[in-house]
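Please read the structure below before turning to the comments.
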Amino acid sequence: MPADQRVAFITCVNNEDWYRECELYLRHLTIPAGMGIELIPVRNASSMCQGYNQGMRQTDAKYKVYIHQDTLIVNPDFISDMLRIFADKTVGAMGVIGCRSLPSSGIWWDGMRMVGRVLHACESESVVDSICNEVDGACVEVEAIDGLMVATQVDLPWREDLFTGWHFYEIAQCKELQRRGYKVVVPRQESYWCIHSPKEKPLDPSYKKYQKIFLKEYGNELDPEI
């Protein structure tokens, strides 16, 4: 099947139970006529960027969806909806939640104009609706998206030379695409496309380290509103 008729779902896996659940939802997506899907789990990754680069090299599928093992795609028409967004060849990547303009901290959820939506199921008894500003039209251009799900139609190396851990990798990828003139977008979602089930835990001490690395590399490209 030609590369432009395939979608590869790439996931860094360190919890097989979570990935089985993620995979179950992926296998129940509606696959448009003439399209095919590939599931590429990457185990023992040393960082998110390293794992995603490894997954990228394992397939020539034009469309790649980098998805956390604890993210469930619950929109059965996700693939056809994604392809409609990617009909615009200036769009390099798509996510389900993000911000129009990064603040000076580089932390997307600190931004003033967040857009999109996702269901957060952090605990078995608790589901949090994360709804930001609604999207007018089919999609809206943003500066950054959350890494729970990053769909691309353009292959660029993830910056494993800089981000050797698990933070800021997706924000850096957004900036790399924008450096090359591509847009990053969040689509309009009539209902939630994804459920994210992260375990509540303290912020990793390395987060600040990668924040500094991000700002050193991309800080002069930001135009913060705050």
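Ligands are numbered from 1 in the order shown, residues from 1 within each chain, and chains are lettered A, B, ... in the order they appear in the structure tokens.
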
* **Selection near Asp146 of chain A, 9 Å with only C-alpha atoms, sequence-local residues under 2 positions removed, as a PyMOL selection string** => chain A and resi 95-99+108-109+144+148-150+170-171

Expected file contents, prior selection, all heavy atoms, as a short mmCIF file (atom, residue, chain, number, x, y, z; two decimals), in the first residue's frame:
```cif
data_model
loop_
_atom_site.label_atom_id
_atom_site.label_comp_id
_atom_site.auth_asym_id
_atom_site.auth_seq_id
_atom_site.Cartn_x
_atom_site.Cartn_y
_atom_site.Cartn_z
N GLY A 95 -2.87 18.54 16.92
CA GLY A 95 -3.09 17.99 18.25
C GLY A 95 -4.50 18.30 18.69
O GLY A 95 -5.25 18.95 17.96
N VAL A 96 -4.89 17.85 19.89
CA VAL A 96 -6.27 18.08 20.32
C VAL A 96 -6.41 19.22 21.31
O VAL A 96 -7.51 19.70 21.57
CB VAL A 96 -6.90 16.80 20.91
CG1 VAL A 96 -7.12 15.77 19.83
CG2 VAL A 96 -6.06 16.23 22.05
N ILE A 97 -5.28 19.69 21.86
CA ILE A 97 -5.33 20.81 22.80
C ILE A 97 -3.98 21.53 22.76
O ILE A 97 -2.94 20.90 22.57
CB ILE A 97 -5.68 20.31 24.22
CG1 ILE A 97 -6.13 21.46 25.12
CG2 ILE A 97 -4.56 19.50 24.84
CD1 ILE A 97 -6.83 20.99 26.41
N GLY A 98 -4.02 22.85 22.91
CA GLY A 98 -2.77 23.61 22.84
C GLY A 98 -3.03 25.09 23.09
O GLY A 98 -4.06 25.47 23.63
N CYS A 99 -2.08 25.92 22.68
CA CYS A 99 -2.26 27.36 22.89
C CYS A 99 -1.87 28.14 21.64
O CYS A 99 -0.95 27.74 20.92
CB CYS A 99 -1.47 27.86 24.11
SG CYS A 99 0.30 27.94 23.89
N TRP A 108 2.97 25.59 27.67
CA TRP A 108 1.80 25.93 26.84
C TRP A 108 0.55 26.22 27.66
O TRP A 108 -0.23 27.11 27.32
CB TRP A 108 1.53 24.84 25.79
CG TRP A 108 0.90 23.58 26.29
CD1 TRP A 108 1.52 22.41 26.60
CD2 TRP A 108 -0.50 23.34 26.50
NE1 TRP A 108 0.61 21.47 27.01
CE2 TRP A 108 -0.64 22.02 26.96
CE3 TRP A 108 -1.65 24.13 26.36
CZ2 TRP A 108 -1.87 21.46 27.27
CZ3 TRP A 108 -2.89 23.57 26.68
CH2 TRP A 108 -2.99 22.25 27.12
N TRP A 109 0.36 25.50 28.77
CA TRP A 109 -0.88 25.71 29.53
C TRP A 109 -0.87 26.99 30.36
O TRP A 109 -1.86 27.34 30.98
CB TRP A 109 -1.21 24.50 30.40
CG TRP A 109 -0.17 24.13 31.42
CD1 TRP A 109 0.01 24.70 32.64
CD2 TRP A 109 0.81 23.10 31.32
NE1 TRP A 109 1.04 24.10 33.31
CE2 TRP A 109 1.56 23.10 32.52
CE3 TRP A 109 1.14 22.16 30.33
CZ2 TRP A 109 2.61 22.22 32.76
CZ3 TRP A 109 2.18 21.29 30.57
CH2 TRP A 109 2.90 21.32 31.75
N ALA A 144 1.73 25.80 19.94
CA ALA A 144 2.14 24.55 20.58
C ALA A 144 0.93 23.69 20.90
O ALA A 144 -0.16 24.20 21.16
CB ALA A 144 2.92 24.85 21.86
N LEU A 148 0.10 14.52 24.28
CA LEU A 148 -0.70 13.30 24.47
C LEU A 148 -1.05 12.67 23.13
O LEU A 148 -1.20 11.45 23.01
CB LEU A 148 -1.96 13.60 25.29
CG LEU A 148 -3.06 14.47 24.67
CD1 LEU A 148 -4.17 13.59 24.08
CD2 LEU A 148 -3.65 15.40 25.71
N MET A 149 -1.16 13.50 22.07
CA MET A 149 -1.38 13.00 20.72
C MET A 149 -0.90 14.05 19.73
O MET A 149 -1.36 15.18 19.74
CB MET A 149 -2.87 12.71 20.48
CG MET A 149 -3.18 11.89 19.23
SD MET A 149 -3.10 12.85 17.70
CE MET A 149 -4.47 14.00 17.92
N VAL A 150 0.07 13.68 18.91
CA VAL A 150 0.62 14.57 17.88
C VAL A 150 0.54 13.84 16.55
O VAL A 150 1.24 12.84 16.34
CB VAL A 150 2.08 14.97 18.18
CG1 VAL A 150 2.62 15.86 17.05
CG2 VAL A 150 2.20 15.67 19.53
N GLU A 170 7.45 17.79 22.55
CA GLU A 170 6.43 18.12 21.57
C GLU A 170 6.41 19.61 21.25
O GLU A 170 6.14 20.00 20.10
CB GLU A 170 5.04 17.66 22.04
CG GLU A 170 4.36 18.54 23.09
CD GLU A 170 4.74 18.20 24.53
OE1 GLU A 170 5.94 18.14 24.83
OE2 GLU A 170 3.82 18.04 25.36
N ILE A 171 6.74 20.44 22.25
CA ILE A 171 6.79 21.89 22.00
C ILE A 171 7.95 22.20 21.05
O ILE A 171 7.83 23.02 20.13
CB ILE A 171 6.95 22.68 23.32
CG1 ILE A 171 6.01 22.13 24.40
CG2 ILE A 171 6.70 24.16 23.08
CD1 ILE A 171 4.56 22.24 24.09
#
```

* **segment 24-171 of chain A: residues DSSP assigns to helix (DSSP H, G or I), reported as a PyMOL selection string** => chain A and resi 24-27+48-57+78-85+108-110+169-171

Dump of N, CA, C and O atoms for the selected residues, as a CSV table (one decimal), in the first residue's frame:
```
chain,number,residue,atom,x,y,z
A,24,LEU,N,-6.4,-1.3,21.7
A,24,LEU,CA,-7.8,-1.7,21.5
A,24,LEU,C,-8.6,-0.6,20.8
A,24,LEU,O,-9.4,-0.9,19.9
A,25,TYR,N,-8.5,0.6,21.3
A,25,TYR,CA,-9.2,1.7,20.7
A,25,TYR,C,-8.7,2.0,19.3
A,25,TYR,O,-9.5,2.3,18.4
A,26,LEU,N,-7.4,1.9,19.1
A,26,LEU,CA,-6.9,2.1,17.7
A,26,LEU,C,-7.4,1.1,16.7
A,26,LEU,O,-7.7,1.4,15.6
A,27,ARG,N,-7.6,-0.1,17.2
A,27,ARG,CA,-8.0,-1.2,16.3
A,27,ARG,C,-9.5,-1.1,16.0
A,27,ARG,O,-10.1,-1.8,15.1
A,48,MET,N,11.6,10.3,25.0
A,48,MET,CA,10.5,10.4,24.1
A,48,MET,C,11.0,10.7,22.7
A,48,MET,O,10.5,10.0,21.7
A,49,CYS,N,11.9,11.6,22.5
A,49,CYS,CA,12.4,11.9,21.2
A,49,CYS,C,13.1,10.7,20.6
A,49,CYS,O,13.0,10.4,19.4
A,50,GLN,N,14.0,10.0,21.3
A,50,GLN,CA,14.7,8.9,20.8
A,50,GLN,C,13.7,7.8,20.4
A,50,GLN,O,13.8,7.2,19.3
A,51,GLY,N,12.7,7.5,21.2
A,51,GLY,CA,11.7,6.5,20.8
A,51,GLY,C,10.9,6.9,19.6
A,51,GLY,O,10.6,6.1,18.7
A,52,TYR,N,10.5,8.2,19.5
A,52,TYR,CA,9.7,8.6,18.3
A,52,TYR,C,10.6,8.6,17.1
A,52,TYR,O,10.1,8.3,16.0
A,53,ASN,N,11.8,9.0,17.2
A,53,ASN,CA,12.7,8.8,16.0
A,53,ASN,C,12.9,7.4,15.6
A,53,ASN,O,12.9,7.1,14.4
A,54,GLN,N,13.0,6.5,16.5
A,54,GLN,CA,13.1,5.1,16.2
A,54,GLN,C,11.8,4.6,15.5
A,54,GLN,O,11.9,3.9,14.5
A,55,GLY,N,10.7,5.0,16.1
A,55,GLY,CA,9.4,4.6,15.4
A,55,GLY,C,9.3,5.2,14.0
A,55,GLY,O,8.8,4.5,13.1
A,56,MET,N,9.7,6.4,13.9
A,56,MET,CA,9.6,7.1,12.6
A,56,MET,C,10.4,6.3,11.5
A,56,MET,O,10.0,6.2,10.4
A,57,ARG,N,11.6,5.8,11.9
A,57,ARG,CA,12.4,5.1,11.0
A,57,ARG,C,11.9,3.7,10.6
A,57,ARG,O,12.3,3.1,9.6
A,78,PHE,N,-11.6,9.4,13.6
A,78,PHE,CA,-10.4,10.2,13.8
A,78,PHE,C,-9.6,10.2,12.5
A,78,PHE,O,-9.1,11.3,12.1
A,79,ILE,N,-9.4,9.1,11.8
A,79,ILE,CA,-8.5,9.1,10.6
A,79,ILE,C,-9.1,10.0,9.5
A,79,ILE,O,-8.4,10.8,8.9
A,80,SER,N,-10.4,9.8,9.2
A,80,SER,CA,-11.0,10.7,8.1
A,80,SER,C,-11.0,12.1,8.6
A,80,SER,O,-10.7,13.0,7.7
A,81,ASP,N,-11.2,12.4,9.8
A,81,ASP,CA,-11.2,13.8,10.3
A,81,ASP,C,-9.7,14.4,10.2
A,81,ASP,O,-9.5,15.5,9.8
A,82,MET,N,-8.7,13.6,10.5
A,82,MET,CA,-7.4,14.0,10.4
A,82,MET,C,-7.0,14.3,8.9
A,82,MET,O,-6.3,15.3,8.6
A,83,LEU,N,-7.4,13.4,8.0
A,83,LEU,CA,-7.1,13.5,6.6
A,83,LEU,C,-7.7,14.8,6.1
A,83,LEU,O,-7.1,15.5,5.2
A,84,ARG,N,-8.9,15.2,6.5
A,84,ARG,CA,-9.5,16.5,6.1
A,84,ARG,C,-8.6,17.6,6.5
A,84,ARG,O,-8.4,18.6,5.7
A,85,ILE,N,-8.1,17.6,7.7
A,85,ILE,CA,-7.2,18.7,8.2
A,85,ILE,C,-6.0,18.7,7.3
A,85,ILE,O,-5.5,19.8,6.9
A,108,TRP,N,3.0,25.6,27.7
A,108,TRP,CA,1.8,25.9,26.8
A,108,TRP,C,0.6,26.2,27.7
A,108,TRP,O,-0.2,27.1,27.3
A,109,TRP,N,0.4,25.5,28.8
A,109,TRP,CA,-0.9,25.7,29.5
A,109,TRP,C,-0.9,27.0,30.4
A,109,TRP,O,-1.9,27.3,31.0
A,110,ASP,N,0.3,27.7,30.4
A,110,ASP,CA,0.3,29.0,31.0
A,110,ASP,C,-0.1,30.1,30.0
A,110,ASP,O,-0.2,31.3,30.4
A,169,TYR,N,9.5,17.9,24.5
A,169,TYR,CA,9.8,17.3,23.2
A,169,TYR,C,8.8,17.7,22.2
A,169,TYR,O,9.1,18.0,21.0
A,170,GLU,N,7.4,17.8,22.6
A,170,GLU,CA,6.4,18.1,21.6
A,170,GLU,C,6.4,19.6,21.2
A,170,GLU,O,6.1,20.0,20.1
A,171,ILE,N,6.7,20.4,22.2
A,171,ILE,CA,6.8,21.9,22.0
A,171,ILE,C,7.9,22.2,21.1
A,171,ILE,O,7.8,23.0,20.1
```

* To do: Using DSSP on the backbone coordinates, identify all residues within segment 42-171 of chain A classified as strand (DSSP E); present the result as a ChimeraX atom specification.
  => /A:42-43,63-67,71-73,91-94,97-99,114-123,126-131,139-142,144-145,149-152

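The closest residue to Phe214 of chain A, picked from A:Asn14, A:Ser47, A:Gln58, A:Ser104 and counting only C-alpha atoms, is A:Ser104.
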
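Using only C-alpha atoms, the shortest contact distance between Thr11 of chain A and any of A:Glu225, A:Glu141, A:Glu217, A:Asp70 is found at A:Asp70.
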
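Counting only C-alpha atoms and comparing A:Ala121, A:Ala138, A:Leu177, A:Met1, the residue that lies closest to Pro157 of chain A is A:Leu177.
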
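Put simply, atom CA of Ile31 of chain A is 8.8 Å away from atom CA of Pro76 of chain A.
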
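Note that atom CA of Ile107 of chain A and atom CA of Asp223 of chain A are 13.2 Å apart.
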
* Fewer than 4 positions away in the same chain doesn't count, so skip those; otherwise give me all residues within 8 Å of Gly106 of chain A, counting only C-alpha atoms, as a ChimeraX atom specification. => /A:102,211,214-215,219

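Residues in contact with His167 of chain A at 7 Å, where only C-alpha atoms are counted and same-chain residues fewer than 2 positions away are skipped, are listed as A:Gly165, A:Tyr169, A:Tyr207, A:Tyr210.
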
Please produce a file of the residues just selected, as a PDB file, in the first residue's frame, where the atoms kept are all heavy atoms.
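Saved the output as out-v3.pdb:
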```pdb
ATOM      1  N   GLY A 165      14.999  13.478  27.726  1.00  0.00           N
ATOM      2  CA  GLY A 165      14.080  12.972  28.741  1.00  0.00           C
ATOM      3  C   GLY A 165      12.664  12.915  28.203  1.00  0.00           C
ATOM      4  O   GLY A 165      12.442  12.513  27.056  1.00  0.00           O
ATOM      5  N   TYR A 169       9.489  17.871  24.518  1.00  0.00           N
ATOM      6  CA  TYR A 169       9.774  17.285  23.210  1.00  0.00           C
ATOM      7  C   TYR A 169       8.754  17.737  22.161  1.00  0.00           C
ATOM      8  O   TYR A 169       9.120  18.026  21.009  1.00  0.00           O
ATOM      9  CB  TYR A 169       9.798  15.751  23.313  1.00  0.00           C
ATOM     10  CG  TYR A 169       8.491  15.174  23.788  1.00  0.00           C
ATOM     11  CD1 TYR A 169       7.525  14.773  22.883  1.00  0.00           C
ATOM     12  CD2 TYR A 169       8.204  15.084  25.154  1.00  0.00           C
ATOM     13  CE1 TYR A 169       6.296  14.290  23.318  1.00  0.00           C
ATOM     14  CE2 TYR A 169       6.992  14.603  25.599  1.00  0.00           C
ATOM     15  CZ  TYR A 169       6.042  14.211  24.681  1.00  0.00           C
ATOM     16  OH  TYR A 169       4.830  13.750  25.118  1.00  0.00           O
ATOM     17  N   TYR A 207      11.983  18.611  34.716  1.00  0.00           N
ATOM     18  CA  TYR A 207      11.142  19.484  33.896  1.00  0.00           C
ATOM     19  C   TYR A 207      11.791  20.851  33.708  1.00  0.00           C
ATOM     20  O   TYR A 207      11.864  21.379  32.594  1.00  0.00           O
ATOM     21  CB  TYR A 207       9.768  19.624  34.548  1.00  0.00           C
ATOM     22  CG  TYR A 207       8.766  20.379  33.702  1.00  0.00           C
ATOM     23  CD1 TYR A 207       7.977  19.718  32.768  1.00  0.00           C
ATOM     24  CD2 TYR A 207       8.606  21.760  33.845  1.00  0.00           C
ATOM     25  CE1 TYR A 207       7.063  20.410  31.990  1.00  0.00           C
ATOM     26  CE2 TYR A 207       7.691  22.455  33.074  1.00  0.00           C
ATOM     27  CZ  TYR A 207       6.923  21.778  32.146  1.00  0.00           C
ATOM     28  OH  TYR A 207       6.023  22.468  31.368  1.00  0.00           O
ATOM     29  N   TYR A 210      14.691  20.865  31.202  1.00  0.00           N
ATOM     30  CA  TYR A 210      14.323  20.885  29.789  1.00  0.00           C
ATOM     31  C   TYR A 210      13.615  22.184  29.402  1.00  0.00           C
ATOM     32  O   TYR A 210      13.695  22.607  28.249  1.00  0.00           O
ATOM     33  CB  TYR A 210      13.491  19.650  29.443  1.00  0.00           C
ATOM     34  CG  TYR A 210      14.333  18.394  29.522  1.00  0.00           C
ATOM     35  CD1 TYR A 210      14.134  17.453  30.522  1.00  0.00           C
ATOM     36  CD2 TYR A 210      15.382  18.192  28.624  1.00  0.00           C
ATOM     37  CE1 TYR A 210      14.937  16.335  30.620  1.00  0.00           C
ATOM     38  CE2 TYR A 210      16.192  17.071  28.713  1.00  0.00           C
ATOM     39  CZ  TYR A 210      15.973  16.144  29.715  1.00  0.00           C
ATOM     40  OH  TYR A 210      16.780  15.049  29.812  1.00  0.00           O
TER      41      TYR A 210
END
```

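Minimum atom-to-atom distances from A:His28, A:Gln5, A:His120, A:Lys183 to Asn75 of chain A were compared using only C-alpha atoms, and the lowest value belongs to A:His28.
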